[in-house]
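Coordinates from upload-v9.txt are shown below (compact mmCIF, C-alpha atoms).
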```txt
# COMPACT_ATOMS: atom_id res chain seq x y z
CA MET A 1 -60.74 -28.12 10.64
CA HIS A 2 -57.62 -29.01 12.64
CA ARG A 3 -58.13 -28.58 16.38
CA ARG A 4 -55.90 -29.21 19.36
CA PRO A 5 -56.86 -32.18 21.56
CA GLY A 6 -59.18 -31.31 24.42
CA LEU A 7 -61.40 -32.84 27.06
CA SER A 8 -64.41 -34.78 25.90
CA ALA A 9 -67.91 -33.57 26.68
CA ARG A 10 -68.46 -36.61 28.89
CA LEU A 11 -65.36 -35.85 30.97
CA LYS A 12 -66.34 -32.20 31.26
CA LEU A 13 -69.80 -33.16 32.49
CA THR A 14 -68.29 -35.67 34.91
CA LEU A 15 -65.95 -33.06 36.39
CA SER A 16 -68.78 -30.58 36.63
CA TYR A 17 -71.00 -33.11 38.46
CA ALA A 18 -68.20 -34.08 40.87
CA GLY A 19 -67.20 -30.47 41.39
CA PHE A 20 -70.77 -29.54 42.19
CA LEU A 21 -71.02 -32.33 44.76
CA ALA A 22 -67.68 -31.35 46.28
CA VAL A 23 -68.69 -27.71 46.60
CA ALA A 24 -72.03 -28.71 48.09
CA GLY A 25 -70.29 -30.97 50.62
CA ALA A 26 -67.77 -28.25 51.51
CA LEU A 27 -70.57 -25.76 52.09
CA LEU A 28 -72.37 -28.25 54.29
CA LEU A 29 -69.25 -28.79 56.38
CA ALA A 30 -68.71 -25.05 56.58
CA VAL A 31 -72.24 -24.61 57.89
CA VAL A 32 -71.60 -27.29 60.51
CA TRP A 33 -68.30 -25.67 61.45
CA GLY A 34 -69.59 -22.15 61.61
CA PHE A 35 -72.93 -22.63 63.29
CA LEU A 36 -72.35 -25.64 65.51
CA LEU A 37 -68.81 -25.67 66.79
CA ARG A 38 -68.78 -22.03 67.79
CA TYR A 39 -71.42 -22.75 70.44
CA VAL A 40 -69.24 -25.45 72.00
CA PRO A 41 -66.97 -24.00 74.72
CA ASP A 42 -63.23 -24.06 74.13
CA ASN A 43 -62.26 -26.11 77.15
CA SER A 44 -59.03 -27.63 75.94
CA GLN A 45 -57.31 -27.10 79.31
CA GLY A 46 -60.09 -28.72 81.31
CA LEU A 47 -61.14 -32.24 81.87
CA LEU A 48 -61.20 -33.60 78.32
CA GLY A 49 -62.51 -36.94 79.37
CA VAL A 50 -65.41 -35.53 81.33
CA SER A 51 -67.08 -32.75 79.30
CA PRO A 52 -67.20 -32.26 75.47
CA ASN A 53 -65.38 -29.18 74.14
CA ARG A 54 -64.40 -27.64 70.85
CA TYR A 55 -60.93 -29.16 70.81
CA LEU A 56 -62.30 -32.67 71.21
CA LEU A 57 -64.95 -32.21 68.51
CA VAL A 58 -62.38 -30.81 66.07
CA ARG A 59 -60.04 -33.75 66.67
CA THR A 60 -62.84 -36.22 65.93
CA PHE A 61 -64.81 -34.24 63.29
CA VAL A 62 -62.06 -33.16 60.87
CA PRO A 63 -60.80 -36.68 59.92
CA ALA A 64 -64.37 -37.93 59.46
CA ALA A 65 -65.21 -34.86 57.36
CA ALA A 66 -62.12 -35.41 55.19
CA VAL A 67 -63.09 -39.04 54.59
CA ALA A 68 -66.64 -37.95 53.74
CA MET A 69 -65.33 -35.37 51.25
CA VAL A 70 -63.13 -37.94 49.53
CA CYS A 71 -66.03 -40.41 49.31
CA LEU A 72 -68.29 -37.64 48.03
CA LEU A 73 -65.75 -36.72 45.34
CA VAL A 74 -65.27 -40.35 44.25
CA PHE A 75 -69.03 -40.87 44.18
CA GLY A 76 -69.43 -37.71 42.13
CA LEU A 77 -66.80 -38.79 39.60
CA VAL A 78 -68.16 -42.32 39.17
CA GLY A 79 -71.80 -41.33 39.22
CA GLY A 80 -71.15 -38.32 37.00
CA TRP A 81 -69.29 -40.47 34.44
CA ILE A 82 -72.18 -42.96 34.28
CA LEU A 83 -74.83 -40.24 34.22
CA ALA A 84 -73.01 -38.25 31.53
CA GLY A 85 -72.64 -41.39 29.43
CA ARG A 86 -76.35 -42.06 29.60
CA MET A 87 -77.21 -38.47 28.81
CA LEU A 88 -74.83 -38.28 25.85
CA ALA A 89 -75.71 -41.67 24.35
CA PRO A 90 -78.20 -40.11 21.87
CA LEU A 91 -75.57 -37.61 20.80
CA THR A 92 -73.21 -40.49 20.04
CA GLN A 93 -75.81 -42.01 17.70
CA ILE A 94 -76.21 -38.70 15.90
CA THR A 95 -72.43 -38.34 15.59
CA ASP A 96 -72.10 -41.85 14.14
CA ALA A 97 -74.88 -41.10 11.63
CA ALA A 98 -73.22 -37.82 10.65
CA ARG A 99 -69.90 -39.60 10.17
CA MET A 100 -71.56 -42.21 7.95
CA ALA A 101 -73.23 -39.47 5.92
CA GLY A 102 -69.87 -37.76 5.54
CA ASN A 103 -68.48 -40.99 4.11
CA GLY A 104 -71.23 -41.08 1.49
CA SER A 105 -73.86 -43.29 3.15
CA LEU A 106 -77.02 -41.16 2.93
CA SER A 107 -79.45 -44.05 3.32
CA HIS A 108 -78.75 -44.50 7.06
CA ARG A 109 -81.40 -43.18 9.47
CA ILE A 110 -81.12 -42.78 13.25
CA ARG A 111 -84.80 -43.30 14.11
CA MET A 112 -84.15 -42.71 17.80
CA LYS A 113 -86.75 -44.22 20.10
CA GLY A 114 -88.20 -42.70 23.24
CA ARG A 115 -90.23 -39.68 24.23
CA GLN A 116 -89.67 -36.26 22.77
CA ASP A 117 -86.72 -34.25 24.06
CA GLU A 118 -83.94 -32.06 22.65
CA PHE A 119 -81.81 -34.97 21.45
CA ARG A 120 -84.70 -36.76 19.76
CA GLU A 121 -85.81 -33.52 18.14
CA LEU A 122 -82.28 -33.11 16.78
CA SER A 123 -82.32 -36.73 15.62
CA ASP A 124 -85.60 -36.29 13.75
CA ALA A 125 -84.32 -33.10 12.12
CA PHE A 126 -81.13 -34.89 11.08
CA ASP A 127 -83.10 -37.79 9.60
CA SER A 128 -85.25 -35.34 7.67
CA MET A 129 -82.15 -33.58 6.38
CA LEU A 130 -80.61 -36.89 5.28
CA GLU A 131 -83.80 -37.84 3.48
CA GLN A 132 -83.91 -34.56 1.58
CA LEU A 133 -80.20 -34.72 0.83
CA GLU A 134 -80.46 -38.28 -0.46
CA SER A 135 -83.40 -37.31 -2.66
CA HIS A 136 -81.53 -34.26 -3.97
CA VAL A 137 -78.37 -36.22 -4.75
CA ALA A 138 -80.36 -38.94 -6.50
CA GLU A 139 -82.21 -36.32 -8.51
CA GLN A 140 -78.95 -34.62 -9.50
CA GLN A 141 -77.39 -37.93 -10.54
CA ARG A 142 -80.46 -38.81 -12.57
CA PHE A 143 -80.46 -35.35 -14.13
CA ALA A 144 -76.77 -35.60 -15.05
CA ALA A 145 -77.28 -39.03 -16.60
CA ASN A 146 -80.29 -37.86 -18.60
CA ALA A 147 -78.52 -34.68 -19.70
CA SER A 148 -75.54 -36.68 -20.88
CA HIS A 149 -77.82 -39.01 -22.81
CA GLU A 150 -79.73 -36.13 -24.40
CA LEU A 151 -76.55 -34.27 -25.37
CA ARG A 152 -74.95 -37.40 -26.78
CA THR A 153 -77.70 -37.82 -29.38
CA PRO A 154 -77.10 -34.62 -31.41
CA LEU A 155 -73.35 -35.06 -31.12
CA ALA A 156 -73.59 -38.61 -32.43
CA VAL A 157 -75.80 -37.47 -35.30
CA SER A 158 -73.33 -34.72 -36.20
CA ARG A 159 -70.45 -37.19 -36.21
CA THR A 160 -72.40 -39.58 -38.42
CA LEU A 161 -73.20 -36.82 -40.91
CA LEU A 162 -69.57 -35.74 -41.04
CA ASP A 163 -68.37 -39.32 -41.51
CA VAL A 164 -70.81 -39.80 -44.38
CA ALA A 165 -69.67 -36.55 -46.02
CA ARG A 166 -66.03 -37.55 -45.68
CA LYS A 167 -66.59 -40.97 -47.24
CA ASP A 168 -68.84 -39.62 -50.01
CA PRO A 169 -67.39 -36.37 -51.41
CA THR A 170 -70.13 -36.23 -54.05
CA ARG A 171 -72.88 -35.87 -51.48
CA ASP A 172 -74.96 -32.69 -51.62
CA ARG A 173 -73.24 -30.24 -49.28
CA GLY A 174 -76.29 -28.02 -48.98
CA GLU A 175 -78.35 -30.85 -47.53
CA LEU A 176 -75.50 -31.75 -45.17
CA ILE A 177 -75.14 -28.19 -43.93
CA GLU A 178 -78.89 -27.86 -43.41
CA ARG A 179 -79.06 -31.06 -41.37
CA LEU A 180 -75.99 -30.12 -39.34
CA GLN A 181 -77.53 -26.71 -38.63
CA ALA A 182 -80.76 -28.33 -37.43
CA VAL A 183 -78.86 -30.75 -35.16
CA ASN A 184 -76.63 -27.96 -33.85
CA THR A 185 -79.62 -25.72 -33.18
CA ARG A 186 -81.28 -28.44 -31.13
CA ALA A 187 -78.07 -29.03 -29.17
CA ILE A 188 -77.81 -25.28 -28.44
CA GLY A 189 -81.41 -25.18 -27.29
CA LEU A 190 -80.84 -28.15 -24.98
CA THR A 191 -77.67 -26.61 -23.53
CA GLU A 192 -79.40 -23.30 -22.84
CA ALA A 193 -82.33 -25.06 -21.23
CA LEU A 194 -79.93 -26.97 -18.99
CA LEU A 195 -78.22 -23.71 -17.99
CA LEU A 196 -81.55 -22.08 -17.23
CA LEU A 197 -82.68 -25.02 -15.14
CA SER A 198 -79.40 -25.43 -13.26
CA ARG A 199 -79.32 -21.78 -12.20
CA SER A 200 -82.95 -21.55 -11.17
CA ASP A 201 -82.31 -21.91 -7.44
CA ARG A 202 -79.43 -19.47 -6.92
CA GLY A 203 -79.20 -15.76 -6.19
CA ASN A 204 -81.64 -12.97 -6.85
CA PHE A 205 -83.27 -11.37 -9.85
CA THR A 206 -84.69 -7.91 -10.31
CA ARG A 207 -88.33 -7.87 -9.27
CA GLU A 208 -91.04 -5.78 -10.82
CA ARG A 209 -94.79 -5.63 -10.83
CA VAL A 210 -96.12 -8.00 -13.49
CA ASP A 211 -99.62 -8.61 -14.80
CA LEU A 212 -100.10 -12.24 -15.78
CA SER A 213 -102.99 -11.33 -18.07
CA LEU A 214 -100.70 -9.17 -20.24
CA ILE A 215 -98.05 -11.89 -20.29
CA ALA A 216 -100.66 -14.45 -21.32
CA GLU A 217 -101.79 -12.20 -24.18
CA GLU A 218 -98.20 -11.73 -25.34
CA ALA A 219 -97.50 -15.47 -25.28
CA ALA A 220 -100.76 -16.22 -27.11
CA GLU A 221 -99.98 -13.62 -29.78
CA THR A 222 -96.55 -15.17 -30.33
CA LEU A 223 -97.92 -18.71 -30.61
CA LEU A 224 -101.04 -17.85 -32.59
CA PRO A 225 -99.47 -18.84 -35.96
CA LEU A 226 -98.62 -22.26 -34.53
CA ALA A 227 -102.18 -22.67 -33.24
CA GLU A 228 -103.65 -21.67 -36.62
CA GLN A 229 -101.31 -24.04 -38.41
CA ARG A 230 -102.53 -26.92 -36.27
CA ARG A 231 -106.17 -25.75 -36.41
CA ILE A 232 -106.28 -25.14 -32.66
CA THR A 233 -108.54 -22.48 -31.16
CA LEU A 234 -106.52 -20.34 -28.75
CA ASP A 235 -108.56 -18.26 -26.31
CA VAL A 236 -107.26 -15.90 -23.60
CA THR A 237 -109.78 -14.71 -21.02
CA GLY A 238 -109.92 -13.37 -17.49
CA GLY A 239 -108.90 -10.24 -15.68
CA ALA A 240 -105.81 -8.69 -14.21
CA ALA A 241 -103.63 -10.97 -12.09
CA ARG A 242 -100.70 -9.03 -10.71
CA THR A 243 -97.65 -10.47 -9.02
CA SER A 244 -94.03 -9.53 -8.38
CA GLY A 245 -91.12 -11.15 -10.15
CA SER A 246 -89.15 -11.40 -13.38
CA ALA A 247 -91.27 -10.54 -16.42
CA GLU A 248 -89.02 -12.50 -18.77
CA LEU A 249 -89.01 -15.63 -16.63
CA LEU A 250 -92.78 -15.49 -16.22
CA LEU A 251 -93.14 -15.01 -19.99
CA ARG A 252 -91.00 -18.10 -20.53
CA MET A 253 -93.21 -20.00 -18.09
CA VAL A 254 -96.47 -19.01 -19.81
CA THR A 255 -94.99 -19.57 -23.30
CA ASN A 256 -93.92 -23.08 -22.38
CA LEU A 257 -97.36 -23.89 -21.00
CA VAL A 258 -99.27 -22.51 -23.97
CA GLN A 259 -96.96 -24.11 -26.53
CA ASN A 260 -97.23 -27.50 -24.87
CA ALA A 261 -101.01 -27.13 -24.75
CA ILE A 262 -101.03 -26.46 -28.51
CA VAL A 263 -98.57 -29.18 -29.53
CA HIS A 264 -100.05 -31.91 -27.31
CA ASN A 265 -103.62 -31.52 -28.46
CA LEU A 266 -106.04 -33.10 -30.87
CA PRO A 267 -104.85 -33.53 -34.48
CA ALA A 268 -107.31 -30.79 -35.47
CA ASP A 269 -110.15 -28.67 -34.08
CA GLY A 270 -108.73 -28.70 -30.58
CA THR A 271 -108.92 -25.86 -28.05
CA VAL A 272 -106.55 -24.13 -25.65
CA THR A 273 -107.95 -21.84 -23.00
CA VAL A 274 -105.76 -19.48 -20.97
CA ARG A 275 -107.46 -17.76 -18.06
CA THR A 276 -106.08 -15.34 -15.48
CA GLU A 277 -107.77 -14.14 -12.31
CA ALA A 278 -107.05 -12.82 -8.85
CA HIS A 279 -108.29 -14.40 -5.63
CA GLY A 280 -107.45 -12.24 -2.65
CA ASP A 281 -103.68 -12.34 -2.20
CA THR A 282 -103.20 -14.97 -4.93
CA SER A 283 -102.92 -14.54 -8.69
CA VAL A 284 -104.01 -17.56 -10.72
CA LEU A 285 -103.11 -18.65 -14.25
CA ARG A 286 -104.93 -21.63 -15.80
CA VAL A 287 -103.99 -23.29 -19.08
CA GLU A 288 -106.45 -25.95 -20.25
CA ASN A 289 -106.34 -27.94 -23.46
CA THR A 290 -108.09 -30.78 -25.20
CA GLY A 291 -106.22 -33.89 -26.21
CA ARG A 292 -105.82 -37.55 -25.52
CA PRO A 293 -106.64 -38.88 -22.04
CA LEU A 294 -103.61 -39.02 -19.75
CA PRO A 295 -102.90 -41.86 -17.32
CA PRO A 296 -103.10 -40.46 -13.77
CA GLU A 297 -99.77 -42.07 -12.84
CA LEU A 298 -98.04 -40.16 -15.67
CA VAL A 299 -99.03 -36.66 -14.53
CA PRO A 300 -96.78 -36.40 -11.42
CA THR A 301 -93.70 -37.21 -13.53
CA LEU A 302 -94.26 -34.49 -16.13
CA THR A 303 -92.35 -31.83 -14.18
CA GLU A 304 -89.24 -34.01 -13.90
CA PRO A 305 -86.43 -33.20 -16.34
CA PHE A 306 -86.38 -35.32 -19.51
CA GLN A 307 -89.46 -37.25 -18.43
CA ARG A 308 -91.76 -37.76 -21.42
CA GLY A 309 -94.80 -39.97 -21.51
CA THR A 310 -94.42 -42.78 -24.04
CA GLU A 311 -97.57 -41.77 -25.86
CA ARG A 312 -96.70 -38.09 -25.66
CA ALA A 313 -93.14 -38.11 -26.96
CA ARG A 314 -92.96 -36.30 -30.28
CA THR A 315 -90.64 -36.78 -33.21
CA ASP A 316 -91.87 -33.96 -35.47
CA GLU A 317 -90.45 -30.48 -35.81
CA HIS A 318 -91.94 -29.46 -32.46
CA ALA A 319 -90.22 -32.18 -30.45
CA GLY A 320 -88.79 -30.63 -27.31
CA VAL A 321 -85.84 -31.57 -25.14
CA GLY A 322 -87.87 -32.65 -22.13
CA LEU A 323 -87.30 -29.56 -19.98
CA GLY A 324 -90.41 -27.46 -20.66
CA LEU A 325 -92.41 -28.23 -17.53
CA ALA A 326 -89.22 -28.63 -15.51
CA ILE A 327 -88.42 -24.99 -16.33
CA VAL A 328 -92.03 -24.01 -15.58
CA HIS A 329 -91.86 -25.73 -12.21
CA SER A 330 -88.52 -24.07 -11.43
CA VAL A 331 -89.82 -20.59 -12.30
CA VAL A 332 -93.00 -21.11 -10.27
CA ARG A 333 -91.02 -22.33 -7.27
CA ALA A 334 -88.65 -19.38 -7.58
CA HIS A 335 -91.62 -17.01 -7.35
CA ASP A 336 -93.01 -18.83 -4.28
CA GLY A 337 -95.91 -20.24 -6.25
CA THR A 338 -97.51 -23.62 -6.72
CA LEU A 339 -97.99 -25.70 -9.87
CA ASP A 340 -100.88 -28.16 -10.15
CA LEU A 341 -101.44 -30.57 -13.05
CA VAL A 342 -104.80 -32.32 -13.32
CA PRO A 343 -105.80 -34.59 -16.23
CA ARG A 344 -109.17 -33.74 -17.76
CA PRO A 345 -111.71 -36.60 -17.87
CA ALA A 346 -112.40 -35.94 -21.55
CA GLY A 347 -108.69 -35.75 -22.38
CA GLY A 348 -106.02 -33.12 -22.15
CA LEU A 349 -104.61 -31.37 -19.12
CA LEU A 350 -105.50 -28.52 -16.78
CA VAL A 351 -102.43 -26.67 -15.48
CA THR A 352 -102.94 -24.19 -12.63
CA VAL A 353 -100.24 -21.76 -11.50
CA ARG A 354 -100.79 -19.81 -8.28
CA LEU A 355 -98.48 -16.92 -7.43
CA PRO A 356 -98.61 -14.53 -4.46
CA ALA A 357 -100.16 -11.25 -5.52
CA GLY A 358 -98.10 -9.32 -2.99
CA GLY A 359 -94.77 -10.71 -4.18
CA PRO A 360 -92.72 -13.74 -3.17
CA ARG A 361 -91.57 -14.21 0.39
CA ARG A 362 -88.04 -15.28 -0.41
CA CYS A 363 -85.45 -14.93 -3.15
CA GLY A 364 -85.73 -16.82 -6.40
CA PRO A 365 -83.33 -17.49 -9.27
CA CYS A 366 -80.39 -15.26 -9.92
CA ALA A 367 -80.20 -12.27 -12.21
CA GLU A 368 -78.12 -14.37 -14.61
CA LEU A 369 -81.35 -15.96 -15.79
CA GLN A 370 -82.46 -12.70 -17.36
CA GLN A 371 -79.09 -12.29 -19.05
CA LEU A 372 -79.39 -15.87 -20.25
CA GLU A 373 -82.74 -15.07 -21.84
CA HIS A 374 -81.17 -12.20 -23.83
CA SER A 375 -78.00 -14.06 -24.74
CA SER A 376 -79.89 -17.17 -25.83
CA LYS A 377 -82.00 -15.15 -28.25
CA GLU A 378 -78.93 -13.47 -29.70
CA ALA A 379 -76.98 -16.74 -29.93
CA ARG A 380 -79.80 -18.48 -31.75
CA THR A 381 -80.51 -15.73 -34.26
CA ASP A 382 -79.65 -16.97 -37.76
CA GLU A 383 -78.34 -14.98 -40.71
CA GLY A 384 -81.82 -13.87 -41.71
CA GLY A 385 -82.42 -12.24 -38.36
CA ARG A 386 -84.98 -14.88 -37.33
CA THR A 387 -84.49 -16.79 -34.08
CA ALA A 388 -83.81 -20.47 -34.50
CA SER A 389 -86.13 -23.29 -33.56
CA GLY A 390 -84.83 -23.51 -30.00
CA ASP A 391 -86.49 -20.18 -29.08
CA ALA A 392 -90.09 -20.63 -28.08
CA ALA A 393 -90.83 -16.94 -28.31
CA SER A 394 -90.12 -16.87 -32.08
CA ASP A 395 -91.51 -19.96 -33.77
CA GLY A 396 -92.95 -22.12 -31.00
CA ARG A 397 -90.11 -24.64 -30.85
CA ASP A 398 -88.94 -24.06 -27.30
CA GLU A 399 -86.81 -26.40 -25.24
CA THR A 400 -90.01 -27.87 -23.83
CA LYS A 401 -90.77 -31.37 -22.86
CA GLY A 402 -93.56 -33.51 -24.14
CA ASP A 403 -95.85 -32.74 -21.27
CA PRO A 404 -99.18 -30.93 -21.31
```

Full structure transcribed into structure tokens:
Amino acid sequence: MHRRPGLSARLKLTLSYAGFLAVAGALLLAVVWGFLLRYVPDNSQGLLGVSPNRYLLVRTFVPAAAVAMVCLLVFGLVGGWILAGRMLAPLTQITDAARMAGNGSLSHRIRMKGRQDEFRELSDAFDSMLEQLESHVAEQQRFAANASHELRTPLAVSRTLLDVARKDPTRDRGELIERLQAVNTRAIGLTEALLLLSRSDRGNFTRERVDLSLIAEEAAETLLPLAEQRRITLDVTGGAARTSGSAELLLRMVTNLVQNAIVHNLPADGTVTVRTEAHGDTSVLRVENTGRPLPPELVPTLTEPFQRGTERARTDEHAGVGLGLAIVHSVVRAHDGTLDLVPRPAGGLLVTVRLPAGGPRRCGPCAELQQLEHSSKEARTDEGGRTASGDAASDGRDETKGDP
């Protein structure tokens, strides 16, 4: 913002200090004048050299008082300038740090020393803000790089298929179209997952009373064919667990969790248990599955976008795009909940979602997320009326990551 030049804060404080001293000195002189000199007789016509009088005191007092006022004013200006500089020194450090942050240097920290006061409290808050901002920017840059890498793969495959078809006109077109459709479907699913994730922290959505137990039953019913195909026992237990939020977003969250629990399980005869319960003002959803043991250092990274464990990355028809638990985490955070991932000693993962039973305390994702859910289903519906593989609610191949 363009502003006209003005006095600095240091100069304003200096003038205020000097002005205060000058006013105090003037009041002191006024007190001396009003309450002392009026009791001295006005004997200007008498013997001036013999007895003190008002005229004599005025002649001697006024010049001395003027010199004292000038000295007091100079002292106030010099002392005020030094004192203001010392008082504003912490603010200068904060200003320099803010200017560096504005130029793109987010790694700088003030770390002001000394005992707690207003300036040091502001400094600590600014350091905390810079730390969060640096982390957010790094996360966004990493997300953009990963998204570009993930999107480049299906595009490169499509280009290769088209180049092969152009060089070999005798190639079976049906096979080419089928492979292009599969690649395009995966690219659409990835794009929609990116849109869902990128909009998860903006605006509001329509809230309604939701029972997590009913949502868990719906998700289990949808994914039951996938569980039977993989010879996985899917069990839904527990009681009512009511919360407030978006039913469609919460269904996406539970579907992602249950699908991941089915896909990342034992080759056969595994189990997936979904349990809902209410504890006071908290509604709890637990999804537990069998499977291979997970390294403890891998678990904290599972909610990061595009982060797949090396041993958990899949290449079959249920390979996700690496955003499943990232979407789950975003939906849980939007509903003011918490997401805990704990590896089971015998193998597999225990995922616990806790949501406030009385409704979230602040706003979550925007209403566009619900429209995105509807539009994504319509966009991915093929000619036979069946949703494509990118829709988890239809055939279990959601844009999920290789996580639980």

**Request:** Tell me, as a list in words, which residues lie within 9 Å of Ala18 of chain A, counting all atoms listed in the file; anything in the same chain fewer than 5 positions away does not count.
**Result:** Leu13, Val23, Leu72, Leu73, Val74, Phe75, Gly76, Leu77, Val78, Gly79 and Gly80 of chain A

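With all atoms listed in the file as the atoms that count, the minimum distance from Thr185 of chain A to the choices A:Ser213, A:Asn256, A:Thr60, A:Ser158 is reached by A:Ser158.
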
**Request:** Do a neighbour search on Lys113 of chain A at 10 Å with all atoms listed in the file, toss out local chain neighbours closer than 6 positions, and write the hits as a list in words.
**Result:** Pro90, Arg120 and Ser123 of chain A

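Interatomic distance, atom CA of Ala26 of chain A against atom CA of Ile82 of chain A: 23.1 Å.
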
Starting from 3 Å padding per side, set up an axis-aligned box that covers all listed atoms of segment 7-11 of chain A and hand over centre and edge lengths in Å, one decimal, as lines of an AutoDock Vina configuration file.
```
center_x = -64.9
center_y = -34.7
center_z = 28.4
size_x = 13.1
size_y = 9.8
size_z = 11.1
```

**Message:** Which residues are near Gly348 of chain A? Cut-off 6 Å, all atoms listed in the file, ignore same chain within fewer than 3 positions. Put them as a PyMOL selection string.
**Reply:** chain A and resi 289-293+344

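As for atom CA of Glu297 of chain A and atom CA of Pro343 of chain A, they are spaced 10.2 Å apart.
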
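Rounded to one decimal, atom CA of Asn184 of chain A and atom CA of Val164 of chain A lie 16.9 Å from each other.
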
**Exercise: Ala241 of chain A partners within 9 Å, only C-alpha atoms, chain neighbours under 6 positions left out, as a PyMOL selection string** = chain A and resi 210-214+276-279+282-285+357

Quick one: residues within 10 Å of Arg231 of chain A, only C-alpha atoms counted, chain neighbours fewer than 3 positions away excluded, as a PDB file with C-alpha atoms, in the frame of the given file?
```pdb
ATOM      1  CA  PRO A 225     -99.470 -18.840 -35.960  1.00  0.00           C
ATOM      2  CA  LEU A 226     -98.620 -22.260 -34.530  1.00  0.00           C
ATOM      3  CA  ALA A 227    -102.180 -22.670 -33.240  1.00  0.00           C
ATOM      4  CA  GLU A 228    -103.650 -21.670 -36.620  1.00  0.00           C
ATOM      5  CA  LEU A 234    -106.520 -20.340 -28.750  1.00  0.00           C
ATOM      6  CA  ILE A 262    -101.030 -26.460 -28.510  1.00  0.00           C
ATOM      7  CA  LEU A 266    -106.040 -33.100 -30.870  1.00  0.00           C
ATOM      8  CA  PRO A 267    -104.850 -33.530 -34.480  1.00  0.00           C
ATOM      9  CA  ALA A 268    -107.310 -30.790 -35.470  1.00  0.00           C
ATOM     10  CA  ASP A 269    -110.150 -28.670 -34.080  1.00  0.00           C
ATOM     11  CA  GLY A 270    -108.730 -28.700 -30.580  1.00  0.00           C
ATOM     12  CA  THR A 271    -108.920 -25.860 -28.050  1.00  0.00           C
TER      13      THR A 271
END
```

**Request:** Point out the residue among A:Thr273, A:Thr95, A:Ser246, A:Thr191 with the least atom-to-atom distance to Thr233 of chain A, counting only C-alpha atoms.
**Result:** A:Thr273

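Take the candidates A:Val351, A:Leu27, A:Met87, A:Val331 and check each one against Ala261 of chain A using only C-alpha atoms; the shortest distance goes to A:Val351.
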
What does segment 105-115 of chain A look like written to a file with N, CA, C and O atoms, as a compact mmCIF listing (two decimals), in the first residue's frame?
```
# COMPACT_ATOMS: atom_id res chain seq x y z
N SER A 105 12.40 -15.82 2.09
CA SER A 105 13.22 -16.56 3.04
C SER A 105 12.38 -16.93 4.25
O SER A 105 12.23 -16.14 5.19
N LEU A 106 11.83 -18.15 4.24
CA LEU A 106 10.97 -18.60 5.34
C LEU A 106 11.73 -19.38 6.39
O LEU A 106 11.15 -19.74 7.42
N SER A 107 13.01 -19.65 6.16
CA SER A 107 13.78 -20.42 7.12
C SER A 107 14.36 -19.56 8.25
O SER A 107 14.86 -20.11 9.24
N HIS A 108 14.30 -18.24 8.11
CA HIS A 108 14.86 -17.35 9.14
C HIS A 108 13.96 -17.34 10.38
O HIS A 108 12.74 -17.34 10.27
N ARG A 109 14.58 -17.35 11.56
CA ARG A 109 13.85 -17.29 12.83
C ARG A 109 14.45 -16.17 13.68
O ARG A 109 15.66 -15.96 13.68
N ILE A 110 13.61 -15.47 14.42
CA ILE A 110 14.08 -14.36 15.25
C ILE A 110 14.75 -14.89 16.51
O ILE A 110 15.86 -14.49 16.86
N ARG A 111 14.07 -15.78 17.22
CA ARG A 111 14.58 -16.37 18.46
C ARG A 111 15.10 -15.29 19.40
O ARG A 111 16.26 -15.30 19.83
N MET A 112 14.24 -14.35 19.72
CA MET A 112 14.63 -13.22 20.57
C MET A 112 14.90 -13.69 22.01
O MET A 112 14.14 -14.46 22.58
N LYS A 113 16.00 -13.23 22.55
CA LYS A 113 16.39 -13.61 23.90
C LYS A 113 15.80 -12.64 24.92
O LYS A 113 15.37 -11.54 24.58
N GLY A 114 15.83 -13.04 26.17
CA GLY A 114 15.34 -12.17 27.23
C GLY A 114 14.08 -12.72 27.88
O GLY A 114 13.52 -13.75 27.48
N ARG A 115 13.64 -12.02 28.92
CA ARG A 115 12.44 -12.44 29.64
C ARG A 115 11.19 -12.10 28.85
O ARG A 115 11.21 -11.28 27.94
```
